[in-house]
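To start, the structure under review is shown below, and the notes come after it.
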Amino acid sequence: MREGRELEGEAGKGRREGGAFRYWYCTPNSVFSNIQSYFPFVQETQYMGNKATAVAKTVATAQSNGIAMSKVHVKARHSPYPRTEDVKRSTVPDDKVPWSVPFPDYKPVDYTSPGILKGPVYADADIGQLKQKGITLSFNTLDGKINRCSHSGEYTVCDGIPRNPQGRTGLKGRGCLGRWGPNHAADPIVTRWKRNEQNEVIKGSDGKPILEFVSVQRKDNGQWAIPGGMVDAGEVITATLRREFSEEAMNCLEKSQQEKDQIEEKVKKLFDNGVEVYRGYVDDPRNTDNAWMETVALNFHDPDGTSVGQVELEAGDDAQGVKWTELSGNLELYASHIDFLKTVAERHNASW
Ligand code: BGC
């Protein structure tokens with residue numbers, strides 16, 4: 001979808017469109033809120049009779065898809081599988097990652113974690129069991145409140161089971177991911193310039209100003225990361241970004257109702273102006289042949305250190321630590337987070 005490009009579709013139907021985003025959805029009353037929640041790049045929408053029109057705002061995605069493509073399945077072929085000691089993926093050589101390359105001996109390990117098989121609210125049921133009951137999940141579409149569309153376009157469904165659009169991972173089933181197919185997350189990248197006591201911006205060895213971002217240390221694996229999280233069914237991405245930041249970087253779940261309201265108000269204001277830096281597939285260690293992570297990352301930058309730069313940080317929920325961290329190419333971060341930060345550094349012409 002190109003900048004300024006208009007799309008038209010019939011209410012109640014998805015529509016295929018070339019480029020990175022192939023589907024959009026409209027139902028008479030919720031057409032625009034739906035389009036904007038799943039595709040925040042859509043700037044303007046109009047609804048007249050049975051016709052819906054959406055105008056695209058940015059082309060960031062096409063570029064950022066390039067980031068994901070450059071490192072296909074590095075973390076997503078790693079063993080042991082996360083949160084296990086002995087689940088080992090079958091080996092997939094680099095050249096055999098694409099499904100288009102024949103690999104007759106490919107025998108992926110079948111693994112879905114016991115926690116997911118118990119059927120928590122955020123997880124789908126087992127496809128085999130659903131089949132027996134005559135129920136099929138609707139892939140490549142908005143399935144009730146569940147967004148089963150991929151940011152990278154239509155994915156293949158073989159025998160009722162989605163196939164990872166980026167290729168083989170050495171493991172089939174869902175691993176510890178709840179949804180078959182895409183599992184959607186959102187990542188708020190909150191940045192400010194690094195300053196000294198005189199409030200002057202500090203420069204790196206490359207002569208460029210240094211940026212800092214709010215990072216959290218994940219409880220599940222101890223790695224530092226952007227304080228992102230999963231998009232709940234029916235939730236708009238902007239709400240996920242605010243919720244995750246308030247929970248992980250401001251510990252709002254442990255606060256009184258009054259403090260919670262104050263945090264919510266503050267974060268709402270701070271997160272008013274975000275710029276999308278990535279939307280798409282993520283090389284996440286939890287990915288499998290049939291379930292994978294996708295995210296939308298937005299940058300909230302504080303140019304003079306007077307807004308987001310001043311939030312009081314306190315780790316909470318899934319985070320055990322929180323701090324301002326210098327952006328640099330040497331950081332070791334969770335999943336593809338380093339790629340998003342590189343884009344942010346380039347956008348601000350900051351030291352890397
Ligand atoms: C994390 C996000 C991350 C996504 C994909 C989510 O669980 O919270 O920060 O971008 O997974 O790796």
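By order of appearance in the structure tokens: chains A, B, ..., then residues from 1 within every chain, and ligands from 1 in the order shown.
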Throw together the list of residues within 10 Å of ligand 1, counting only C-alpha atoms and all ligand atoms, and drop it here as number ranges by chain. A: 177, 183-189, 216, 218, 224-231, 244, 280-287, 292-297, 318, 334-337, 340
What's around segment 158-168 of chain A at 10 Å? Count only C-alpha atoms, leave out sequence neighbours fewer than 2 positions away in its own chain, and write the answer as a ChimeraX atom specification. /A:68-69,72-73,76-77,90-94,96-101,103,106,108,127-128,131,136-140,150,152-156,170-173,180-182,281-283,287-293
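Take the candidates A:Arg192, A:Lys268, A:Arg179, A:Lys133 and check each one against Gln310 of chain A using only C-alpha atoms; the shortest distance goes to A:Arg192.
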Compare A:Asn196, A:Asn251, A:Gln132, A:Ser79 by their minimum atom-to-atom distance to Val322 of chain A, counting only C-alpha atoms, and give me the closest one.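 Closest residue, counting only C-alpha atoms: A:Asn251.
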Which residues in segment 163-307 of chain A does DSSP call alpha helix (DSSP H)? List them as a count of residues only. 28
Of the candidates A:Asp126, A:Asp304, A:Glu276, A:Glu332, which one gets nearest to Ser215 of chain A if we count only C-alpha atoms? A:Glu332
Restricting the calculation to only C-alpha atoms: of A:Leu241, A:Ile263, A:Met250, A:Leu313, which residue gets closest to Leu298 of chain A?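 Using only C-alpha atoms, the shortest distance to Leu298 of chain A belongs to A:Leu241.
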